[in-house]
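**Student:** Dumping the structure here so I can ask a few things about it.
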Amino acid sequence: KAAEPATPASGAASGSTASTDGTAYTVSFDASYAPFEYQDDKGNVIGFSKDVIEAVGQKAGIKFQFVNKPWEGIFETLNTGDSDVISSSVTITDERKAQMDFSEPYFEATQMIAVNDAKGSDIKSFEDLKKGKHLVSVQTGTTGDIVSQKLLGKDSTQIKRFESMPLALKELLASGVDASVGDNGVVQNFVTNNPDAKLRTIVDPTFEKEHYGFAVKKGRSDDLLQKINTGLAGIKSDGTYDKIYAKWFKA
Ligand code: ARG
């Protein structure tokens, strides 16, 4: 199932405002995030999160249109009206909850470190990044960025930020950094797809559980979020969610 992540395409035109009249709600993602939301060879966006939100829409009887957008600035598109929903493997955090509203969780994740032994052979734990003054790549503004800042300091020159996770991971392959920190599913997928690269993974015991949720504009007063939650509960209880999970995570 593991597929090579595609580089992000620039966002297509959207123009939303939905949907009491039957028009579609705009769902946005950074589709460079295999196996959650990414592009296949033909440029179609596929992935676990994509399947889940599509099934939610079907269950809840709501229509979605999908738009690829860069991760940076994606949350703001809820406020500008360019997106109704962000479905981009977004971790629900207290800080983000102050800015937007989230659905119930649809996936559990944690951070994972990928190490390139070319320069990171002494890295056995998250702390070791600090001790060894190692360079670490992250995707800007992700929870991987946030935990790395907590360890190394907000302005640490050890943190190399990239606009997409594939770019952060390619830098690791090229030995431009010694380690990368990101969501376990995506990091593991990349390591599995690059068996010749001698990459190693670590899940540090200090890494907390994270939960992905679908985000909507804070205080949104129509019942979109409620419909999403109803749809999600529906696909969890009728077996659809489990089928999607098995499709992507159990070969
Ligand atoms: N779960 C992480 C976060 O919320 C990373 C999500 C990045 N998603 C993406 N499609 N690039 O910060």
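Convention: chains lettered A, B, ... in structure tokens order; per-chain residue numbering from 1; ligands numbered from 1 as shown.
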Please build the interface table for chain A against ligand 1 with a cut-off of 9 Å, listing for each qualifying residue the nearest atom pair and the distance in Å to one decimal; count only C-alpha atoms and all ligand atoms, order rows by chain and increasing number, and write it as a tab-separated table.
**Tutor:**
```
residue	atom	partner	partner_atom_place_in_ligand_line	distance
A:Phe29	CA	ligand 1	10 (N)	5.9
A:Asp30	CA	ligand 1	10 (N)	4.3
A:Ala31	CA	ligand 1	10 (N)	5.8
A:Ser32	CA	ligand 1	10 (N)	6.0
A:Tyr33	CA	ligand 1	10 (N)	4.8
A:Ala34	CA	ligand 1	10 (N)	8.3
A:Phe36	CA	ligand 1	10 (N)	7.4
A:Glu37	CA	ligand 1	10 (N)	6.3
A:Tyr38	CA	ligand 1	10 (N)	8.1
A:Pro70	CA	ligand 1	11 (N)	8.0
A:Trp71	CA	ligand 1	11 (N)	5.6
A:Glu72	CA	ligand 1	11 (N)	8.8
A:Ser87	CA	ligand 1	10 (N)	7.9
A:Ser88	CA	ligand 1	10 (N)	4.2
A:Ser89	CA	ligand 1	6 (C)	4.8
A:Val90	CA	ligand 1	4 (O)	3.6
A:Thr91	CA	ligand 1	4 (O)	3.8
A:Ile92	CA	ligand 1	4 (O)	7.0
A:Thr93	CA	ligand 1	4 (O)	8.2
A:Ala109	CA	ligand 1	1 (N)	7.8
A:Thr110	CA	ligand 1	1 (N)	8.4
A:Gln111	CA	ligand 1	1 (N)	8.6
A:Gln139	CA	ligand 1	11 (N)	7.4
A:Thr140	CA	ligand 1	12 (O)	8.5
A:Gly141	CA	ligand 1	12 (O)	6.3
A:Thr142	CA	ligand 1	12 (O)	3.1
A:Thr143	CA	ligand 1	12 (O)	3.9
A:Gly144	CA	ligand 1	12 (O)	6.6
A:Asp145	CA	ligand 1	12 (O)	7.8
A:Ile146	CA	ligand 1	12 (O)	8.1
A:Glu163	CA	ligand 1	11 (N)	8.5
A:Ser164	CA	ligand 1	11 (N)	6.1
A:Met165	CA	ligand 1	11 (N)	6.3
A:Gly182	CA	ligand 1	5 (C)	7.0
A:Asp183	CA	ligand 1	1 (N)	5.9
A:Glu210	CA	ligand 1	1 (N)	7.6
A:His211	CA	ligand 1	1 (N)	7.9
A:Tyr212	CA	ligand 1	1 (N)	6.5
A:Gly213	CA	ligand 1	4 (O)	8.9
```
**Student:** Run DSSP on the backbone of this structure and report the residues of region 121-164 of chain A it assigns to alpha helix (DSSP H), as a list of chain:residue names.
**Tutor:** A:Glu127, A:Asp128, A:Leu129, A:Lys130, A:Lys131, A:Thr143, A:Gly144, A:Asp145, A:Ile146, A:Val147, A:Ser148, A:Gln149, A:Lys150, A:Leu151, A:Leu152
**Student:** Of the candidates A:Leu199, A:Ala98, A:Ala246, A:Val27, which shows the shortest atom-to-atom distance to Ile86 (chain A), using only C-alpha atoms?
**Tutor:**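 Of A:Leu199, A:Ala98, A:Ala246, A:Val27, the one nearest Ile86 (chain A) is A:Val27, counting only C-alpha atoms.
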**Student:** With DSSP run on the backbone, what are the strand (DSSP E) residues within region 67-193 of chain A? I'd like them as a VMD selection string.
**Tutor:** chain A and resid 67 to 68 85 to 86 100 to 102 107 to 109 111 to 116 136 to 139 159 to 162 179 to 183
**Student:** Those same residues - N, CA and C atoms - I'd like them written as a CSV table (one decimal), in the first residue's frame.
**Tutor:**
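The resulting selection-v4.csv:
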```csv
chain,number,residue,atom,x,y,z
A,67,VAL,N,-9.8,20.2,-2.7
A,67,VAL,CA,-8.8,21.2,-3.2
A,67,VAL,C,-7.5,21.0,-2.5
A,68,ASN,N,-6.4,20.9,-3.4
A,68,ASN,CA,-5.1,20.8,-2.8
A,68,ASN,C,-4.5,22.1,-2.5
A,85,VAL,N,-13.7,22.8,5.2
A,85,VAL,CA,-13.1,21.7,6.0
A,85,VAL,C,-11.6,21.6,5.7
A,86,ILE,N,-10.8,21.4,6.7
A,86,ILE,CA,-9.4,21.0,6.4
A,86,ILE,C,-9.3,19.5,6.8
A,100,MET,N,-9.7,27.2,15.8
A,100,MET,CA,-10.7,26.5,14.9
A,100,MET,C,-11.4,25.4,15.7
A,101,ASP,N,-12.4,24.9,15.1
A,101,ASP,CA,-13.1,23.8,15.7
A,101,ASP,C,-12.8,22.4,15.1
A,102,PHE,N,-12.8,21.4,15.8
A,102,PHE,CA,-12.4,20.1,15.3
A,102,PHE,C,-13.5,19.1,15.5
A,107,PHE,N,-8.1,9.4,13.9
A,107,PHE,CA,-6.9,8.6,13.7
A,107,PHE,C,-6.0,8.9,14.9
A,108,GLU,N,-5.3,7.9,15.4
A,108,GLU,CA,-4.3,8.1,16.5
A,108,GLU,C,-2.9,8.0,15.9
A,109,ALA,N,-2.1,9.0,16.2
A,109,ALA,CA,-0.7,9.0,15.7
A,109,ALA,C,0.2,9.4,16.8
A,111,GLN,N,4.6,11.1,17.2
A,111,GLN,CA,5.8,11.5,16.4
A,111,GLN,C,6.7,10.4,16.3
A,112,MET,N,7.5,10.4,15.2
A,112,MET,CA,8.6,9.4,14.9
A,112,MET,C,9.8,10.1,14.4
A,113,ILE,N,11.0,9.6,14.9
A,113,ILE,CA,12.2,10.2,14.4
A,113,ILE,C,12.8,9.2,13.3
A,114,ALA,N,13.2,9.7,12.2
A,114,ALA,CA,13.9,8.9,11.2
A,114,ALA,C,15.4,9.4,11.3
A,115,VAL,N,16.3,8.4,11.4
A,115,VAL,CA,17.7,8.7,11.5
A,115,VAL,C,18.4,8.2,10.3
A,116,ASN,N,19.3,9.0,9.8
A,116,ASN,CA,20.3,8.5,8.7
A,116,ASN,C,21.6,8.3,9.4
A,136,VAL,N,18.1,18.5,12.2
A,136,VAL,CA,16.8,17.8,12.1
A,136,VAL,C,15.9,18.5,11.2
A,137,SER,N,15.3,17.8,10.3
A,137,SER,CA,14.3,18.4,9.3
A,137,SER,C,12.9,18.1,9.8
A,138,VAL,N,12.0,19.1,9.6
A,138,VAL,CA,10.6,19.0,9.9
A,138,VAL,C,9.8,19.7,8.9
A,139,GLN,N,8.5,19.5,8.8
A,139,GLN,CA,7.6,20.3,8.0
A,139,GLN,C,7.2,21.5,8.9
A,159,ILE,N,17.2,23.1,13.7
A,159,ILE,CA,15.9,22.7,13.0
A,159,ILE,C,15.9,23.3,11.6
A,160,LYS,N,15.8,22.4,10.6
A,160,LYS,CA,15.6,22.8,9.2
A,160,LYS,C,14.2,22.6,8.8
A,161,ARG,N,13.5,23.7,8.4
A,161,ARG,CA,12.1,23.6,8.1
A,161,ARG,C,11.8,23.6,6.6
A,162,PHE,N,10.9,22.7,6.3
A,162,PHE,CA,10.5,22.5,4.9
A,162,PHE,C,9.0,22.7,4.7
A,179,ALA,N,18.5,13.7,11.0
A,179,ALA,CA,17.3,13.1,11.4
A,179,ALA,C,16.1,14.0,10.9
A,180,SER,N,14.9,13.3,10.9
A,180,SER,CA,13.7,14.0,10.6
A,180,SER,C,12.7,13.7,11.7
A,181,VAL,N,11.8,14.6,12.0
A,181,VAL,CA,10.8,14.3,13.0
A,181,VAL,C,9.4,14.6,12.4
A,182,GLY,N,8.5,13.7,12.4
A,182,GLY,CA,7.2,13.9,11.8
A,182,GLY,C,6.2,12.8,12.3
A,183,ASP,N,5.0,12.8,11.7
A,183,ASP,CA,4.0,11.9,12.1
A,183,ASP,C,4.5,10.4,11.7
```
**Student:** I'd like to know which of A:Asp196, A:Asp128, A:Glu54, A:Asp84 is closest to Lys217 (chain A), using only C-alpha atoms.
**Tutor:** A:Asp84
**Student:** So, counting only C-alpha atoms, which residue among A:Asp51, A:Leu169, A:Leu152, A:Gly231 is closest to Asn189 (chain A)?
**Tutor:**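 For Asn189 (chain A), the nearest of the candidates is A:Leu169.
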**Student:** Work out how far apart CA of Pro35 (chain A) and CA of Ala118 (chain A) are and give it in Å to one decimal.
**Tutor:**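 Taking CA of Pro35 (chain A) and CA of Ala118 (chain A), their separation equals 26.5 Å.
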**Student:** Write out as a PDB file with C-alpha atoms, in the first residue's frame the residues lying within 12 Å of Gly234 (chain A), counting only C-alpha atoms and excluding same-chain residues fewer than 4 positions away.
**Tutor:**
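Generated output (selection-v1.pdb):
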```
ATOM      1  CA  VAL A  52     -12.505   8.627   5.568  1.00  0.00           C
ATOM      2  CA  ALA A  55     -17.187   8.098   3.477  1.00  0.00           C
ATOM      3  CA  VAL A  56     -18.237  10.615   6.129  1.00  0.00           C
ATOM      4  CA  GLY A  57     -19.766  12.782   3.434  1.00  0.00           C
ATOM      5  CA  GLN A  58     -21.657   9.876   1.939  1.00  0.00           C
ATOM      6  CA  LYS A  59     -22.921   8.735   5.331  1.00  0.00           C
ATOM      7  CA  ALA A  60     -23.999  12.221   6.338  1.00  0.00           C
ATOM      8  CA  GLY A  61     -25.477  13.044   2.948  1.00  0.00           C
ATOM      9  CA  LYS A 227     -22.984  16.411  10.321  1.00  0.00           C
ATOM     10  CA  ILE A 228     -19.327  15.418  10.050  1.00  0.00           C
ATOM     11  CA  ASN A 229     -19.398  13.956  13.566  1.00  0.00           C
ATOM     12  CA  THR A 230     -22.612  12.090  12.832  1.00  0.00           C
ATOM     13  CA  ASP A 238     -21.242   0.250  10.363  1.00  0.00           C
ATOM     14  CA  GLY A 239     -17.771  -1.171   9.641  1.00  0.00           C
ATOM     15  CA  THR A 240     -16.822   1.270   6.863  1.00  0.00           C
ATOM     16  CA  TYR A 241     -14.101   2.911   8.939  1.00  0.00           C
ATOM     17  CA  ASP A 242     -12.526  -0.462   9.766  1.00  0.00           C
TER      18      ASP A 242
END
```
**Student:** Give me, please, the distance in Å between CA of Lys218 (chain A) and CA of Arg96 (chain A), quoted to one decimal.
**Tutor:**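 Separating CA of Lys218 (chain A) from CA of Arg96 (chain A) is a distance of 9.9 Å.
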**Student:** Looking at only C-alpha atoms, which of A:Leu232, A:Lys119, A:Phe214, A:Thr157 is the one that sits closest to Arg200 (chain A)?
**Tutor:**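 Residue with the minimum atom-to-atom distance to Arg200 (chain A): A:Lys119.
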**Student:** Suppose you want the space between CA of Lys63 (chain A) and CA of Glu76 (chain A); what is it in Å?
**Tutor:** 22.0 Å
